[in-house]
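Down below is the structure, laid out as structure tokens.
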Amino acid sequence: MALRKIRNQYIALFLLISAIFGIGSAFALYQNYSLYRESQKEELIREAYASNAMLEAALADASKILDIARPKIEQALNAGTLNKESAYQILKDSHIIFNSFAANTPLQLAVYINENGVVQATSREVENRVVDLSSRLYFTSLKNNPRLPYAIGNLVIAKTTGLLTFHIATPIVDRTGRFRGIITQQVAANDLAINLSKSLKAIAGAQILVNLQGGNIAFMYPRPNDLSEIDFRLCLYVDGRVKQQARSNGIIDIAANKEYPNRSYVAYATSDKYGLITTVSLPVKVVLGDYVRSSSLLIIFIALAFLSLVYIFWRFYKKAVVVAESLIISFSDALTGLKNRRFFDTEFPKYWKEAIRSKNPISALFIDIDHFKIFNDDYGHDCGDQALIAVARAIEQFVTRPLDFCCRWGGEEFAVILPDTDEHGAISLASEILEAVRLTKLDFPNNQHPKITVSIGIASLVVNQANTTDDLIDMADKAMYVAKQSGRDRLAVFGKAPPRVGQ
């Protein structure tokens with residue numbers, strides 16, 4: 001029982017310390033992760049701002065070419081001299097003029113498209129093929145509203161070059177204000193991506209998108225293998241959330257749902273001049289995965305520390321069990337398994353102090369096997385040991401309350417301590433023990449079945465400061481001798497005449 005209690009206490013202590021260690025480690029890791037997550041968010045905002053700035057710079061360069069070419073195209077148009085060859089020369093000269101002041105730009109061809117959406121010329125050549133671009137977003141935007149200074153097109157595969165590009169276009173109108181076509185400048189997505197990769201830190205797993213109104217994409221980094229990879233639903237959602245923020249830059253947290261299974265952080269920066277939203281998105285699981293990899297040494301250290309804690313507890317537990325077993329052995333009678341005199345001398349003073357404090361009665365039974373010396377001489381010591389064990393079992397079956405205890409006092413004598421028990425309760429318990437011993441059957445060799453009996457002395461008192469710990473046992477011992485002198489196989493109460501046998 002005591003050993004089980006020690007085991008339970010060690011297990012409870014281990015679970016408590018493990019819980020404290022686990023909660024502390026989890027809190028430390030979470031705090032560390034929170035700092036890492038915030039640093040990643042800040043980096044996303046910086047990348048969104050830098051990407052937006054680079055995009056605006058590329059569009060500004062493209063618009064310069066348009067600003068050079070547009071008045072010349074309109075002048076030739078109004079003079080009646082505009083044709084494919086003259087348009088080609090104007091676009092080519094405009095590129096030459098711009099390139100004399102700029103280098104390493106992601107700009108490709110400048111294209112002149114008539115009012116029907118058919119390509120007439122590029123800055124590279126006169127276009128003799130029929131290349132219809134009337135369905136392009138930038139063309140329809142300017143055709144429907146030729147007063148717009150510029151229009152940005154979505155990410156497409158250019159029909160003139162076969163490259164992944166987006167466009168900035170400006171309208172061409174005659175002197176009456178009638179729409180007569182557009183000039184568009186291609187911005188090569190691959191070249192812009194190369195410039196971005198050189199300039200940005202580029203967080204692993206992050207995706208850069210440049211959103212147009214209506215969920216269209218003008219640019220994407222890393223470059224998609226196929227335009228079908230673009231999630232336009234996410235673009236529309238981000239566009240709506242950014243408008244709700246009413247800020248030029250910031251970061252939003254997109255929770256996982258049926259449409260977007262991955263929770264993501266999306267940093268954004270807006271371009272008022274071109275009406276674009278540059279976003280840099282990063283799934284939270286990527287942030288967590290990067291953190292786990294970067295903190296692997298810390299996590300390994302915590303795991304090793306926990307394993308060390310388990311090992312240390314195991315070693316202490318094994319030693320504690322050995323000590324507890326030794327203590328139990330030292331407090332137990334080897335033959336009967338009851339507590340011994342050493343246990344009594346150690347524990348009884350505690351019961352005595354509690355009885356003084358509570359002022360409740362405490363009782364003691366002093367039990368002696370009748371004619372035990374003769375029993376040993378007649379049947380031998382081995383049979384005597386069996387009789388001692390049988391009496392011990394008969395006694396302990398009635399000593400069931402948590403604070404009650406019985407012990408082997410020595411030889412054929414036993415003692416029972418009953419806290420919070422008055423004389424009446426002690427007599428009742430002693431009577432049960434007497435009857436149980438009388439009914440005990442011993443089976444010895446040669447078909448011998450001897451009977452054994454005991455004499456029990458009972459003492460009860462309400463302890464005061466004048467009493468000592470020896471008083472109660474002395475009183476019970478004297479009562480036991482009265483029972484012996486009165487014929488044995490009976491009980492006697494200190495200070496009272498013993499009842500007749502069987503009572």
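Each chain of the structure tokens is named A, B, ... in the order shown, its residues numbered from 1; ligands are numbered from 1 in display order.
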
| Taking the backbone alone, and naming residues the way the document does, which bits of region 76-239 of chain A are helix (DSSP H, G or I) by DSSP, as number ranges by chain? | A: 76-79, 84-99, 137-144, 189-199, 227-229, 232-239

C-alpha atoms of the current selection, written as a JSON list (two decimals), in the first residue's frame:
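The resulting result_31.json:
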[["chain", "number", "residue", "atom", "x", "y", "z"],
["A", 76, "ALA", "CA", 0.95, 61.88, -88.90],
["A", 77, "LEU", "CA", -2.65, 60.70, -88.51],
["A", 78, "ASN", "CA", -4.03, 64.25, -88.74],
["A", 79, "ALA", "CA", -1.70, 65.06, -91.67],
["A", 84, "LYS", "CA", 2.40, 51.06, -91.49],
["A", 85, "GLU", "CA", 5.85, 52.17, -92.61],
["A", 86, "SER", "CA", 5.64, 55.59, -90.95],
["A", 87, "ALA", "CA", 4.23, 54.06, -87.76],
["A", 88, "TYR", "CA", 7.10, 51.56, -87.70],
["A", 89, "GLN", "CA", 9.65, 54.37, -88.11],
["A", 90, "ILE", "CA", 8.07, 56.46, -85.33],
["A", 91, "LEU", "CA", 8.01, 53.51, -82.89],
["A", 92, "LYS", "CA", 11.56, 52.53, -83.79],
["A", 93, "ASP", "CA", 12.85, 56.09, -83.33],
["A", 94, "SER", "CA", 11.03, 56.41, -80.02],
["A", 95, "HIS", "CA", 12.77, 53.28, -78.75],
["A", 96, "ILE", "CA", 16.12, 54.54, -79.97],
["A", 97, "ILE", "CA", 15.62, 57.88, -78.20],
["A", 98, "PHE", "CA", 14.55, 56.14, -74.95],
["A", 99, "ASN", "CA", 17.34, 53.54, -75.02],
["A", 137, "LEU", "CA", -8.10, 44.30, -71.89],
["A", 138, "TYR", "CA", -5.98, 47.39, -72.52],
["A", 139, "PHE", "CA", -7.54, 47.88, -75.98],
["A", 140, "THR", "CA", -11.16, 47.55, -74.88],
["A", 141, "SER", "CA", -10.52, 49.83, -71.87],
["A", 142, "LEU", "CA", -9.19, 52.66, -74.02],
["A", 143, "LYS", "CA", -11.69, 52.14, -76.84],
["A", 144, "ASN", "CA", -14.53, 52.46, -74.34],
["A", 189, "ALA", "CA", 7.43, 39.47, -67.35],
["A", 190, "ASN", "CA", 10.51, 37.25, -67.40],
["A", 191, "ASP", "CA", 12.93, 40.22, -67.54],
["A", 192, "LEU", "CA", 11.06, 42.00, -64.76],
["A", 193, "ALA", "CA", 11.19, 38.79, -62.68],
["A", 194, "ILE", "CA", 14.97, 38.63, -63.17],
["A", 195, "ASN", "CA", 15.32, 42.23, -62.00],
["A", 196, "LEU", "CA", 13.14, 41.46, -58.96],
["A", 197, "SER", "CA", 15.19, 38.39, -58.05],
["A", 198, "LYS", "CA", 18.36, 40.48, -58.13],
["A", 199, "SER", "CA", 16.96, 43.28, -56.00],
["A", 227, "LEU", "CA", -1.58, 31.00, -66.89],
["A", 228, "SER", "CA", -4.10, 28.49, -65.50],
["A", 229, "GLU", "CA", -1.97, 28.37, -62.31],
["A", 232, "PHE", "CA", -8.21, 34.62, -59.81],
["A", 233, "ARG", "CA", -10.59, 34.01, -56.89],
["A", 234, "LEU", "CA", -7.78, 34.89, -54.51],
["A", 235, "CYS", "CA", -7.01, 38.00, -56.54],
["A", 236, "LEU", "CA", -10.61, 39.18, -56.28],
["A", 237, "TYR", "CA", -10.69, 38.43, -52.55],
["A", 238, "VAL", "CA", -7.44, 40.29, -51.89],
["A", 239, "ASP", "CA", -8.64, 43.22, -54.02]]

| Shell of 8 Å around Val119 (chain A), only C-alpha atoms, local chain residues under 4 positions omitted, as a PyMOL selection string | chain A and resi 111-114+127+130-133

Each residue of region 62-106 of chain A with at least one atom at most 8 Å from region 165-181 of chain A should appear once, together with its nearest atom pair and the corresponding distance in Å (one decimal); atoms considered: only C-alpha atoms; ordering: chain, then increasing residue number; output as a tab-separated table.
residue	atom	partner	partner_atom	distance
A:Ala62	CA	A:Ile168	CA	7.0
A:Ser63	CA	A:Ile168	CA	7.2
A:Leu66	CA	A:Thr170	CA	6.8
A:Arg70	CA	A:Ile172	CA	6.9
A:Ile73	CA	A:Ile172	CA	7.6
A:Glu74	CA	A:Ile172	CA	6.3
A:Leu77	CA	A:Asp174	CA	6.9
A:Asn78	CA	A:Asp174	CA	6.1

| request: Mind checking which residues fall within 10 Å of region 29-33 of chain A, counting only C-alpha atoms, ignoring those fewer than 6 positions away in the same chain, and posting them as a PyMOL selection string? | output: chain A and resi 23+39+287-288+291-292+295+298-299+302

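One finds CA of Ser248 (chain A) at 29.5 Å from CA of Gln108 (chain A).
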
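Here the question is which of A:Pro71, A:Gly250, A:Gly162, A:Pro361 gets nearest to Ile277 (chain A) using only C-alpha atoms, and that residue is A:Gly250.
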
| Taking only C-alpha atoms into account, which of A:Ser100, A:Thr453, A:Thr336, A:Thr161 comes nearest Glu396 (chain A)? |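 Between A:Ser100, A:Thr453, A:Thr336, A:Thr161, the residue approaching Glu396 (chain A) most closely is A:Thr336.
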
| Selected residue, from A:Glu413, A:Glu435, A:Ser281, A:Gln465, that lies nearest to Tyr221 (chain A) when counting only C-alpha atoms |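 Closest candidate: A:Ser281.
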
| request: Compare A:Phe444, A:Phe398, A:Trp352, A:Phe27 by their minimum atom-to-atom distance to Thr468 (chain A), counting only C-alpha atoms, and give me the closest one. | output: A:Trp352

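Put simply, CA of Arg357 (chain A) is 29.8 Å away from CA of Glu432 (chain A).
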
| task | Name the residues in contact with region 342-349 of chain A at a cut-off of 8 Å, using only C-alpha atoms, excluding same-chain residues fewer than 4 positions from it; report them as a list of chain:residue names. | result | A:Ser330, A:Phe331, A:Ser332, A:Lys353, A:Cys407, A:Thr469

Can you write just those residues out, N, CA, C and O atoms, as a PDB file, in the first residue's frame?
ATOM      1  N   SER A 330      11.566  -2.799   6.816  1.00  0.00           N
ATOM      2  CA  SER A 330      11.992  -2.493   8.192  1.00  0.00           C
ATOM      3  C   SER A 330      10.806  -2.227   9.109  1.00  0.00           C
ATOM      4  O   SER A 330      10.916  -2.363  10.328  1.00  0.00           O
ATOM      5  N   PHE A 331       9.661  -1.839   8.551  1.00  0.00           N
ATOM      6  CA  PHE A 331       8.467  -1.566   9.344  1.00  0.00           C
ATOM      7  C   PHE A 331       7.467  -2.727   9.335  1.00  0.00           C
ATOM      8  O   PHE A 331       6.373  -2.598   9.869  1.00  0.00           O
ATOM      9  N   SER A 332       7.832  -3.832   8.691  1.00  0.00           N
ATOM     10  CA  SER A 332       6.912  -4.961   8.572  1.00  0.00           C
ATOM     11  C   SER A 332       7.461  -6.192   9.278  1.00  0.00           C
ATOM     12  O   SER A 332       8.675  -6.428   9.330  1.00  0.00           O
ATOM     13  N   LYS A 353      -0.523  12.677  19.545  1.00  0.00           N
ATOM     14  CA  LYS A 353      -0.611  14.140  19.448  1.00  0.00           C
ATOM     15  C   LYS A 353      -1.934  14.569  18.822  1.00  0.00           C
ATOM     16  O   LYS A 353      -2.534  15.559  19.230  1.00  0.00           O
ATOM     17  N   CYS A 407      -0.401  -4.271  14.629  1.00  0.00           N
ATOM     18  CA  CYS A 407       0.999  -4.660  14.499  1.00  0.00           C
ATOM     19  C   CYS A 407       1.278  -5.866  15.383  1.00  0.00           C
ATOM     20  O   CYS A 407       0.533  -6.154  16.330  1.00  0.00           O
ATOM     21  N   THR A 469       2.424   8.433  26.187  1.00  0.00           N
ATOM     22  CA  THR A 469       2.123   7.425  25.155  1.00  0.00           C
ATOM     23  C   THR A 469       2.123   6.012  25.724  1.00  0.00           C
ATOM     24  O   THR A 469       1.488   5.115  25.160  1.00  0.00           O
TER      25      THR A 469
END

| said: Write out as number ranges by chain the set of residues from region 76-277 of chain A that DSSP, computed on the backbone, places in strand (DSSP E or B). | reply: A: 107-114, 118-122, 126, 132, 151-152, 156-157, 164-173, 179-188, 207-211, 217-221, 249-254, 264-271, 276-277

| message | Rounded to one decimal, what separation in Å do you get between CA of Pro106 (chain A) and CA of Gln186 (chain A)? | response |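 Here the two named atoms are 8.6 Å from each other.
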
| query | Nearest to Gly153 (chain A): which of A:Met475, A:Ile452, A:Val210, A:Ile427 is it, counting only C-alpha atoms? | reply | A:Val210
